[in-house]
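A short worksheet on the structure shown next.
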Amino acid sequence: MQSTLVMTVIGPDRPGLVESVATLVAQHGGNWLESRMSRLGGRFAGILRVRVPAESVAALMLTLAGLSARSITVTVQPDEFDAAAPQAELRQLEIIGHDRPGIVQQITSALARHGVNVEELETECVSAAMSGEMLFKARATVLVPNSADLVALKTELEKVAADLIVEVAFLKLA
């Protein structure tokens, strides 16, 4: 029997960090299924999903905990994927505007009020080409339940965008 695990990894950014986790997964008969990883500041952070023999889970968790001696923290949770997820549509949300506190909070609050789940979110602050002012950019893939009122959702996102003085595009994915 196989167990699927979701792990978060964080540590100082340096060569070999991913390899050290991958080696331990492989040593315990595991298969690396998917991951999202990146460097943020001087830290490396990632989330990954692996499948390992059920009898190897405890030993794998123990050896992963040993990475703390190298300042790498790994948190392991069982994968609770629900194959019978409700009917929903994937959409993309793009945001751009002058950087200011509260953008992510206000946008995600509007999404949550409509039952929209954030599947992926990437944000960054960049210098504007002409003015040099800091711009906030975000791109999110969201799962909109079929039961959501799209008109009301779009109206609320437009209101939040106007209040924050940002541009919001809410696009249907092909």
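Following the order of the structure tokens, chains are lettered A, B, ..., residues in each are numbered from 1, and ligands are numbered from 1.
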
List every residue of segment 79-135 of chain A that has an atom at most 7 Å from any atom of segment 152-159 of chain A, and for each one report the closest atom pair and its distance in Å to one decimal, counting only C-alpha atoms, with rows sorted by chain and then by increasing residue number, as JSON lines.
```
{"residue": "A:Ile107", "atom": "CA", "partner": "A:Leu157", "partner_atom": "CA", "distance": 6.9}
{"residue": "A:Ala110", "atom": "CA", "partner": "A:Leu157", "partner_atom": "CA", "distance": 6.7}
{"residue": "A:His114", "atom": "CA", "partner": "A:Leu153", "partner_atom": "CA", "distance": 6.6}
```

Residues from the last selection, C-alpha atoms, saved as a short mmCIF file (atom, residue, chain, number, x, y, z; two decimals), in the first residue's frame:
```
data_model
loop_
_atom_site.label_atom_id
_atom_site.label_comp_id
_atom_site.auth_asym_id
_atom_site.auth_seq_id
_atom_site.Cartn_x
_atom_site.Cartn_y
_atom_site.Cartn_z
CA ILE A 107 -8.83 40.69 -2.83
CA ALA A 110 -13.72 39.16 -1.70
CA HIS A 114 -17.98 34.03 -2.90
#
```

DSSP on the backbone, strand (DSSP E) only: what residues of chain A does that give? Format it as a ChimeraX atom specification. /A:2-12,31-40,43-53,73-78,88-98,117-127,134-145,166-172

So which one's closest to His98 of chain A, A:Pro78, A:Gly42, A:Gly115, A:Gly132? Using only C-alpha atoms, please. A:Gly132

May I have the residues within 8 Å of segment 121-130 of chain A as a PyMOL selection string, using only C-alpha atoms and disregarding those fewer than 3 positions away in the same chain? chain A and resi 99+118+133-141

Take the residues from that selection and put them in a file with N, CA and C atoms, as a short mmCIF file (atom, residue, chain, number, x, y, z; two decimals), in the first residue's frame.
```cif
data_model
loop_
_atom_site.label_atom_id
_atom_site.label_comp_id
_atom_site.auth_asym_id
_atom_site.auth_seq_id
_atom_site.Cartn_x
_atom_site.Cartn_y
_atom_site.Cartn_z
N ASP A 99 1.99 49.69 -5.17
CA ASP A 99 2.07 48.84 -3.98
C ASP A 99 1.55 49.58 -2.76
N VAL A 118 -8.36 29.79 -3.82
CA VAL A 118 -7.10 30.17 -4.48
C VAL A 118 -6.28 28.89 -4.66
N GLU A 133 8.38 54.07 -9.16
CA GLU A 133 7.56 53.71 -8.00
C GLU A 133 7.37 52.20 -7.95
N MET A 134 7.10 51.70 -6.75
CA MET A 134 6.90 50.25 -6.60
C MET A 134 5.50 49.86 -7.07
N LEU A 135 5.47 48.87 -7.95
CA LEU A 135 4.20 48.31 -8.43
C LEU A 135 4.01 46.94 -7.82
N PHE A 136 2.79 46.64 -7.46
CA PHE A 136 2.42 45.32 -6.97
C PHE A 136 1.80 44.56 -8.14
N LYS A 137 2.29 43.34 -8.36
CA LYS A 137 1.73 42.49 -9.41
C LYS A 137 1.37 41.15 -8.79
N ALA A 138 0.24 40.64 -9.19
CA ALA A 138 -0.19 39.33 -8.71
C ALA A 138 -0.87 38.58 -9.84
N ARG A 139 -0.69 37.28 -9.81
CA ARG A 139 -1.38 36.39 -10.74
C ARG A 139 -1.84 35.20 -9.92
N ALA A 140 -3.13 34.92 -9.99
CA ALA A 140 -3.69 33.80 -9.23
C ALA A 140 -4.53 32.93 -10.14
N THR A 141 -4.45 31.64 -9.89
CA THR A 141 -5.38 30.70 -10.49
C THR A 141 -6.38 30.39 -9.40
#
```

Show me, as a short mmCIF file (atom, residue, chain, number, x, y, z; two decimals) with N, CA and C atoms, in the first residue's frame, the residues that have an atom within 7 Å of Val9 of chain A when counting only C-alpha atoms, minus same-chain residues fewer than 2 positions from it.
```
data_model
loop_
_atom_site.label_atom_id
_atom_site.label_comp_id
_atom_site.auth_asym_id
_atom_site.auth_seq_id
_atom_site.Cartn_x
_atom_site.Cartn_y
_atom_site.Cartn_z
N MET A 7 4.49 17.89 1.64
CA MET A 7 5.55 18.42 2.49
C MET A 7 5.80 19.88 2.18
N GLY A 11 14.42 26.57 4.12
CA GLY A 11 15.79 26.60 4.64
C GLY A 11 16.58 27.69 3.96
N ALA A 45 11.95 28.08 -0.24
CA ALA A 45 10.72 27.50 0.27
C ALA A 45 10.05 26.70 -0.82
N GLY A 46 9.41 25.62 -0.42
CA GLY A 46 8.72 24.81 -1.40
C GLY A 46 7.65 23.95 -0.77
N ILE A 47 6.79 23.48 -1.63
CA ILE A 47 5.78 22.51 -1.24
C ILE A 47 5.85 21.39 -2.28
N ILE A 72 17.26 23.08 7.78
CA ILE A 72 16.18 22.82 6.83
C ILE A 72 14.99 22.28 7.63
N THR A 73 13.86 22.95 7.50
CA THR A 73 12.66 22.51 8.20
C THR A 73 11.72 21.87 7.20
N VAL A 74 11.29 20.65 7.48
CA VAL A 74 10.35 19.93 6.62
C VAL A 74 9.14 19.57 7.47
N THR A 75 7.97 19.95 6.99
CA THR A 75 6.71 19.60 7.64
C THR A 75 5.98 18.63 6.72
#
```

In terms of the shortest atom-to-atom distance over only C-alpha atoms, which of A:Glu19, A:Asp149, A:Asp13, A:Glu34 is closest to Val116 of chain A?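 Ranking A:Glu19, A:Asp149, A:Asp13, A:Glu34 by distance to Val116 of chain A, first place goes to A:Asp149.
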
Spatial neighbours of Ser147 of chain A, 9 Å, only C-alpha atoms, chain gap at least 2 places, as a PyMOL selection string: chain A and resi 87-88+115+144-145+149-150

So which bits of segment 21-168 of chain A end up alpha helix (DSSP H) when you DSSP the backbone, as a count of residues only? 42

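Atom to atom, atom CA of Ala26 of chain A and atom CA of Ala69 of chain A stand 20.1 Å apart.
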
Skipping near chain neighbours, those fewer than 4 positions away, what residues fall within 9 Å of Leu60 of chain A using only C-alpha atoms, listed as a PyMOL selection string? chain A and resi 24-25+27-28+52+56+64-65

Selected residues written out, C-alpha atoms, as a short mmCIF file (atom, residue, chain, number, x, y, z; two decimals), in the first residue's frame:
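Done, and the output landed in selection.cif:
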```
data_model
loop_
_atom_site.label_atom_id
_atom_site.label_comp_id
_atom_site.auth_asym_id
_atom_site.auth_seq_id
_atom_site.Cartn_x
_atom_site.Cartn_y
_atom_site.Cartn_z
CA LEU A 24 15.73 10.93 1.40
CA VAL A 25 12.47 10.43 -0.50
CA GLN A 27 16.03 6.18 -0.16
CA HIS A 28 12.63 5.36 1.33
CA VAL A 52 5.93 6.36 -0.54
CA SER A 56 8.26 3.74 5.02
CA LEU A 64 13.48 14.41 7.20
CA ALA A 65 13.36 15.76 10.76
#
```

So, counting only C-alpha atoms, which residue among A:Val50, A:Leu173, A:Val160, A:Val151 is closest to Ser109 of chain A? A:Val160

What is the distance, in Å and to one decimal place, between atom CA of Ser131 of chain A and atom CA of Leu164 of chain A? 19.0 Å

Grab the atom CA of Leu171 of chain A to atom CA of Ser35 of chain A distance for me, in Å with one decimal place.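 Answer for the atom CA of Leu171 of chain A to atom CA of Ser35 of chain A separation: 24.8 Å.
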
Nearby residues (only C-alpha atoms) at most 12 Å from Gln77 of chain A, same-chain spacing under 3 positions excluded, as JSON, numbers by chain: {"A": [3, 4, 5, 6, 7, 8, 9, 47, 48, 49, 50, 51, 57, 58, 61, 74, 80, 81]}

Hey, which of A:Glu55, A:Glu89, A:Glu120, A:Asp79 ends up closest to Ala148 of chain A? Count only C-alpha atoms. A:Glu89

At a cut-off of 8 Å, can you tabulate as a Markdown table every residue of segment 45-155 of chain A near segment 166-170 of chain A together with its closest atom pair and the distance in Å to one decimal, using only C-alpha atoms and ordering rows by chain then number?
```
| residue | atom | partner | partner_atom | distance |
| --- | --- | --- | --- | --- |
| A:Arg91 | CA | A:Phe170 | CA | 7.0 |
| A:Gln92 | CA | A:Phe170 | CA | 5.9 |
| A:Leu93 | CA | A:Phe170 | CA | 4.6 |
| A:Glu94 | CA | A:Ala169 | CA | 5.0 |
| A:Ile95 | CA | A:Val168 | CA | 4.6 |
| A:Ile96 | CA | A:Glu167 | CA | 5.3 |
| A:Gly97 | CA | A:Val166 | CA | 4.2 |
| A:His98 | CA | A:Val166 | CA | 6.9 |
| A:Lys154 | CA | A:Phe170 | CA | 7.5 |
```

Just C-alpha atoms for this one: save the residues we selected as a JSON list (two decimals), in the first residue's frame.
```json
[["chain", "number", "residue", "atom", "x", "y", "z"],
["A", 91, "ARG", "CA", -10.10, 31.24, -13.77],
["A", 92, "GLN", "CA", -7.11, 33.54, -13.71],
["A", 93, "LEU", "CA", -6.98, 36.73, -11.70],
["A", 94, "GLU", "CA", -4.38, 39.37, -12.52],
["A", 95, "ILE", "CA", -3.74, 42.44, -10.37],
["A", 96, "ILE", "CA", -1.42, 45.37, -10.96],
["A", 97, "GLY", "CA", -1.16, 48.73, -9.23],
["A", 98, "HIS", "CA", 0.88, 50.89, -6.93],
["A", 154, "LYS", "CA", -16.91, 40.59, -10.69]]
```
